[in-house]
Every structure is written in structure tokens, then in C-alpha cells.
Amino acid sequence: MTNPKLPPAPTTVAELTSAVLSGNHGPDPAGLSVTSAFWLHNTTRLPGADVTYRNYYVLLRVGEVFGACAFESDEVDPSYCADTSGRTVADVLRSDDPLPIRIAALDAYLAAVEPHHTADAHEIVLPAGTPDVRARARDAAVAGLLDVAAGTKVALIGVVNPLVDAITERGGTCLPCDFNLRETASGLPVSRDMLEVIDAADAVVATGMTLSNGSFDILLSRCREQAKPLAIYAQTGSAVARAFLGSGVTALSAEPFPFSQFSARPTSLYRYRIDE
């Protein structure tokens, strides 16, 4: 999938940011302002699980959309909100603000230029229901981005236990990697070495949080060098990841704010896939 209206796909986040600041992806970001800034913290523990997920998010609103970026505890102080509303997108992108804030601004800009609901994407409506019902529907949709045949080794960068299950239920062998977990709920050992699991895999599924921790460029380059399919599941930087379709990213599950965990009613995610 390519969009002839856009310039060639970038190869790094810095390259994409530079192109946006140059006006190559739409209107001058100096003319677009952040109208609202949010700092969110939520925790989730699914029924029967012994793991509590602790999530922190930066949200920046530009026009009708929200740019989003998850981050680690203590990486962004809530006080940032007081001075961010009213700034231009260009000002945030050129600043020395923490990386998650700059990713959220880049995401907001790209989503404002082309919202997911108007793009060439396959919309999937997650059903109403309990958190575990909605999480499993979401993660099954993400797993469906890859052709996981029996025996396929899938590196999972950023462990979500229902997604581990979705991969294994399709006959794949999951190779999980995460900085915050030692093993999955099903007992699989979790590596802390992203390159190790990528090199051992046939295909890769990675969280959008690779954008917020600065590892996205390395992930992208490694998969591109080895010609391995790379699917991104993104609440963080979903429109940023979209910009790399055809430049290392082969599939994307984009879930813009409000995220599925914040509602019990139907919500949408948007799947993109490169036709090979």
C-alpha cells in the first residue's frame, strides 16, 4: 500500500520529523497548535492473571485528533501539561522535550493531516464487553496481520499475554522480548535482547512503544536488512508508524485514542498491510 500524495517513506524517525518540519507531509506544523495536553496513568489486571499492567500516556490534541505516546514511569512529569497547550507542533518537534512528548506531537500532526478513519485502512470494530473480551479481540486482530503458519517463529517485542496466546493458537512459536517481564503468563522466558529475538525469528511483531524508548529505528533497520515481515501494533504513535509502511513496516494495527481499555463500548482499530 502506497499513497502517491506523500513523499517517499522515511527510514528513521529523525528523517520523518525533518520532513514534517519542512512541510513535506502537509501544512506547516508552525501553523497548527496543541489545544490540549494530557498525562494519564492507568493499571490493568485481567481476570485470572497475576500481572498488573501499569501504563502511562502523553496525549496531545491537534484539531480533531489526539497524538499519543506511552512512556515508562517517571519519564514525563504531569506538570508538562501546564506549558504545552497552546504551543505549535513545530515548537514541540524542535524542542528538547522528552522523546515521548515529541512522538505524541509527531503522531498528532500526521493523524490530523490524515485521520485513520479517512485513510486507506481496514477498520475493525472491537466488540462491547469486559476488558478481557476486548483485549482478546484486539490481539487476535493484531496476530491476523501476519501469516503465522505452524512452526513460524514470531519475535514479540513488547509482551502482551493475550497476543502471546493469539500467536501460539495459530501454530506459531512466540519469542517474547520485554524490559519489564521475566516470563509470560504461559511460562515462556522473556528475553531482554531485542536483536537476539529478531535474528532468531521468521517474522516480528512489535509495540509502538519502540517509538517512545528510541529503539524503533534499530528495529526497523534490522528487519529491513533481513527482509523480515514487521507488524507494528500501536496505540503509541500509530500515525507515525504508518509513515513507515513500505520502508520496513509491512503491517500495522493502529489504535488511535480513545483506546479500547478506556471504554466498554465498541471502538475501532485500523489495519494496514503492504501487498507483497
# chains A, B, ... in the order shown; residues from 1 in each chain; ligands from 1
call {"tool": "select_by_dssp", "arguments": {"residues": "segment 24-172 of chain A", "states": "helix (DSSP H, G or I)", "output": "ChimeraX atom specification"}}
result
/A:29-31,80-84,89-94,99-113,116-118,131-143,161-169
call {"tool": "residues_around", "arguments": {"residues": "Ala251 of chain A", "least_positions_apart": "5", "cutoff": "6 Å", "atoms": "only C-alpha atoms", "output": "count of residues only"}}
result
3
call {"tool": "select_by_dssp", "arguments": {"residues": "segment 7-130 of chain A", "states": "strand (DSSP E)", "output": "number ranges by chain"}}
result
A: 36-44, 53-62, 65-71, 122-126
call {"tool": "closest_atom_pairs", "arguments": {"of": "segment 112-178 of chain A", "to": "segment 58-72 of chain A", "cutoff": "12 Å", "atoms": "only C-alpha atoms", "output": "Markdown table"}}
result
| residue | atom | partner | partner_atom | distance |
| --- | --- | --- | --- | --- |
| A:Ala112 | CA | A:Val65 | CA | 5.9 |
| A:Val113 | CA | A:Val65 | CA | 9.6 |
| A:Glu114 | CA | A:Val65 | CA | 9.7 |
| A:Pro115 | CA | A:Val65 | CA | 7.3 |
| A:His116 | CA | A:Val65 | CA | 9.7 |
| A:His117 | CA | A:Val65 | CA | 10.7 |
call {"tool": "atom_distance", "arguments": {"atom1": "atom CA of Gly151 of chain A", "atom2": "atom CA of Gly187 of chain A"}}
result
18.5 Å
call {"tool": "closest_residue", "arguments": {"among": "A:Gly208, A:Gly26, A:Pro100, A:Gly129", "to": "Asp77 of chain A", "atoms": "only C-alpha atoms"}}
result
A:Pro100
call {"tool": "residues_around", "arguments": {"residues": "Asp91 of chain A", "least_positions_apart": "4", "cutoff": "10 Å", "atoms": "only C-alpha atoms", "output": "PDB file with N, CA, C and O atoms, in the first residue's frame"}}
result
ATOM      1  N   LEU A  21       8.724  18.977   9.433  1.00  0.00           N
ATOM      2  CA  LEU A  21       9.085  20.375   9.697  1.00  0.00           C
ATOM      3  C   LEU A  21       9.328  21.147   8.402  1.00  0.00           C
ATOM      4  O   LEU A  21       9.143  22.373   8.361  1.00  0.00           O
ATOM      5  N   PRO A  29       3.706  22.777  10.190  1.00  0.00           N
ATOM      6  CA  PRO A  29       3.366  22.482  11.583  1.00  0.00           C
ATOM      7  C   PRO A  29       3.473  23.701  12.502  1.00  0.00           C
ATOM      8  O   PRO A  29       2.967  23.672  13.622  1.00  0.00           O
ATOM      9  N   ALA A  30       4.088  24.767  12.033  1.00  0.00           N
ATOM     10  CA  ALA A  30       4.123  26.003  12.814  1.00  0.00           C
ATOM     11  C   ALA A  30       2.747  26.676  12.848  1.00  0.00           C
ATOM     12  O   ALA A  30       2.500  27.549  13.683  1.00  0.00           O
ATOM     13  N   LEU A  32      -0.095  24.879  13.236  1.00  0.00           N
ATOM     14  CA  LEU A  32      -1.011  24.009  13.973  1.00  0.00           C
ATOM     15  C   LEU A  32      -0.638  24.017  15.442  1.00  0.00           C
ATOM     16  O   LEU A  32       0.538  23.847  15.793  1.00  0.00           O
ATOM     17  N   SER A  33      -1.626  24.211  16.292  1.00  0.00           N
ATOM     18  CA  SER A  33      -1.372  24.320  17.725  1.00  0.00           C
ATOM     19  C   SER A  33      -1.900  23.130  18.491  1.00  0.00           C
ATOM     20  O   SER A  33      -2.893  22.497  18.094  1.00  0.00           O
ATOM     21  N   THR A  84       2.270  23.099  27.739  1.00  0.00           N
ATOM     22  CA  THR A  84       2.262  22.546  26.380  1.00  0.00           C
ATOM     23  C   THR A  84       1.044  22.979  25.570  1.00  0.00           C
ATOM     24  O   THR A  84       1.151  23.209  24.368  1.00  0.00           O
ATOM     25  N   ARG A  87       1.139  25.628  22.472  1.00  0.00           N
ATOM     26  CA  ARG A  87       2.363  25.606  21.673  1.00  0.00           C
ATOM     27  C   ARG A  87       2.067  25.071  20.278  1.00  0.00           C
ATOM     28  O   ARG A  87       1.129  24.309  20.076  1.00  0.00           O
ATOM     29  N   SER A  95      11.888  21.072  20.020  1.00  0.00           N
ATOM     30  CA  SER A  95      12.300  21.280  21.404  1.00  0.00           C
ATOM     31  C   SER A  95      13.185  20.139  21.896  1.00  0.00           C
ATOM     32  O   SER A  95      13.370  19.129  21.216  1.00  0.00           O
ATOM     33  N   ASP A  96      13.702  20.335  23.114  1.00  0.00           N
ATOM     34  CA  ASP A  96      14.413  19.250  23.782  1.00  0.00           C
ATOM     35  C   ASP A  96      13.519  18.578  24.818  1.00  0.00           C
ATOM     36  O   ASP A  96      13.990  17.990  25.790  1.00  0.00           O
ATOM     37  N   ASP A  97      12.186  18.657  24.611  1.00  0.00           N
ATOM     38  CA  ASP A  97      11.240  17.954  25.463  1.00  0.00           C
ATOM     39  C   ASP A  97      11.535  16.454  25.435  1.00  0.00           C
ATOM     40  O   ASP A  97      12.136  15.952  24.477  1.00  0.00           O
ATOM     41  N   ARG A 102       7.581  14.510  22.083  1.00  0.00           N
ATOM     42  CA  ARG A 102       7.828  14.797  20.672  1.00  0.00           C
ATOM     43  C   ARG A 102       7.187  13.755  19.758  1.00  0.00           C
ATOM     44  O   ARG A 102       6.673  14.093  18.683  1.00  0.00           O
ATOM     45  N   ALA A 105       3.528  14.610  19.583  1.00  0.00           N
ATOM     46  CA  ALA A 105       3.298  15.747  18.694  1.00  0.00           C
ATOM     47  C   ALA A 105       3.379  15.331  17.227  1.00  0.00           C
ATOM     48  O   ALA A 105       2.566  15.757  16.391  1.00  0.00           O
TER      49      ALA A 105
END
call {"tool": "residues_around", "arguments": {"residues": "Ala254 of chain A", "least_positions_apart": "5", "cutoff": "10 Å", "atoms": "only C-alpha atoms", "output": "PyMOL selection string"}}
result
chain A and resi 116+121+123+142+208+232-242+268-272
call {"tool": "closest_atom_pairs", "arguments": {"of": "segment 182-206 of chain A", "to": "segment 163-170 of chain A", "cutoff": "12 Å", "atoms": "only C-alpha atoms", "output": "tab-separated table"}}
result
residue	atom	partner	partner_atom	distance
A:Glu183	CA	A:Val164	CA	11.1
A:Thr184	CA	A:Val164	CA	7.9
A:Ala185	CA	A:Val164	CA	8.8
A:Ser186	CA	A:Asp165	CA	8.2
A:Gly187	CA	A:Val164	CA	10.6
A:Leu188	CA	A:Val164	CA	9.3
A:Pro189	CA	A:Val164	CA	11.8
A:Val190	CA	A:Val164	CA	11.2
A:Ala203	CA	A:Ile167	CA	11.3
A:Val204	CA	A:Ile167	CA	11.2
A:Val205	CA	A:Leu163	CA	9.7
A:Ala206	CA	A:Leu163	CA	10.8
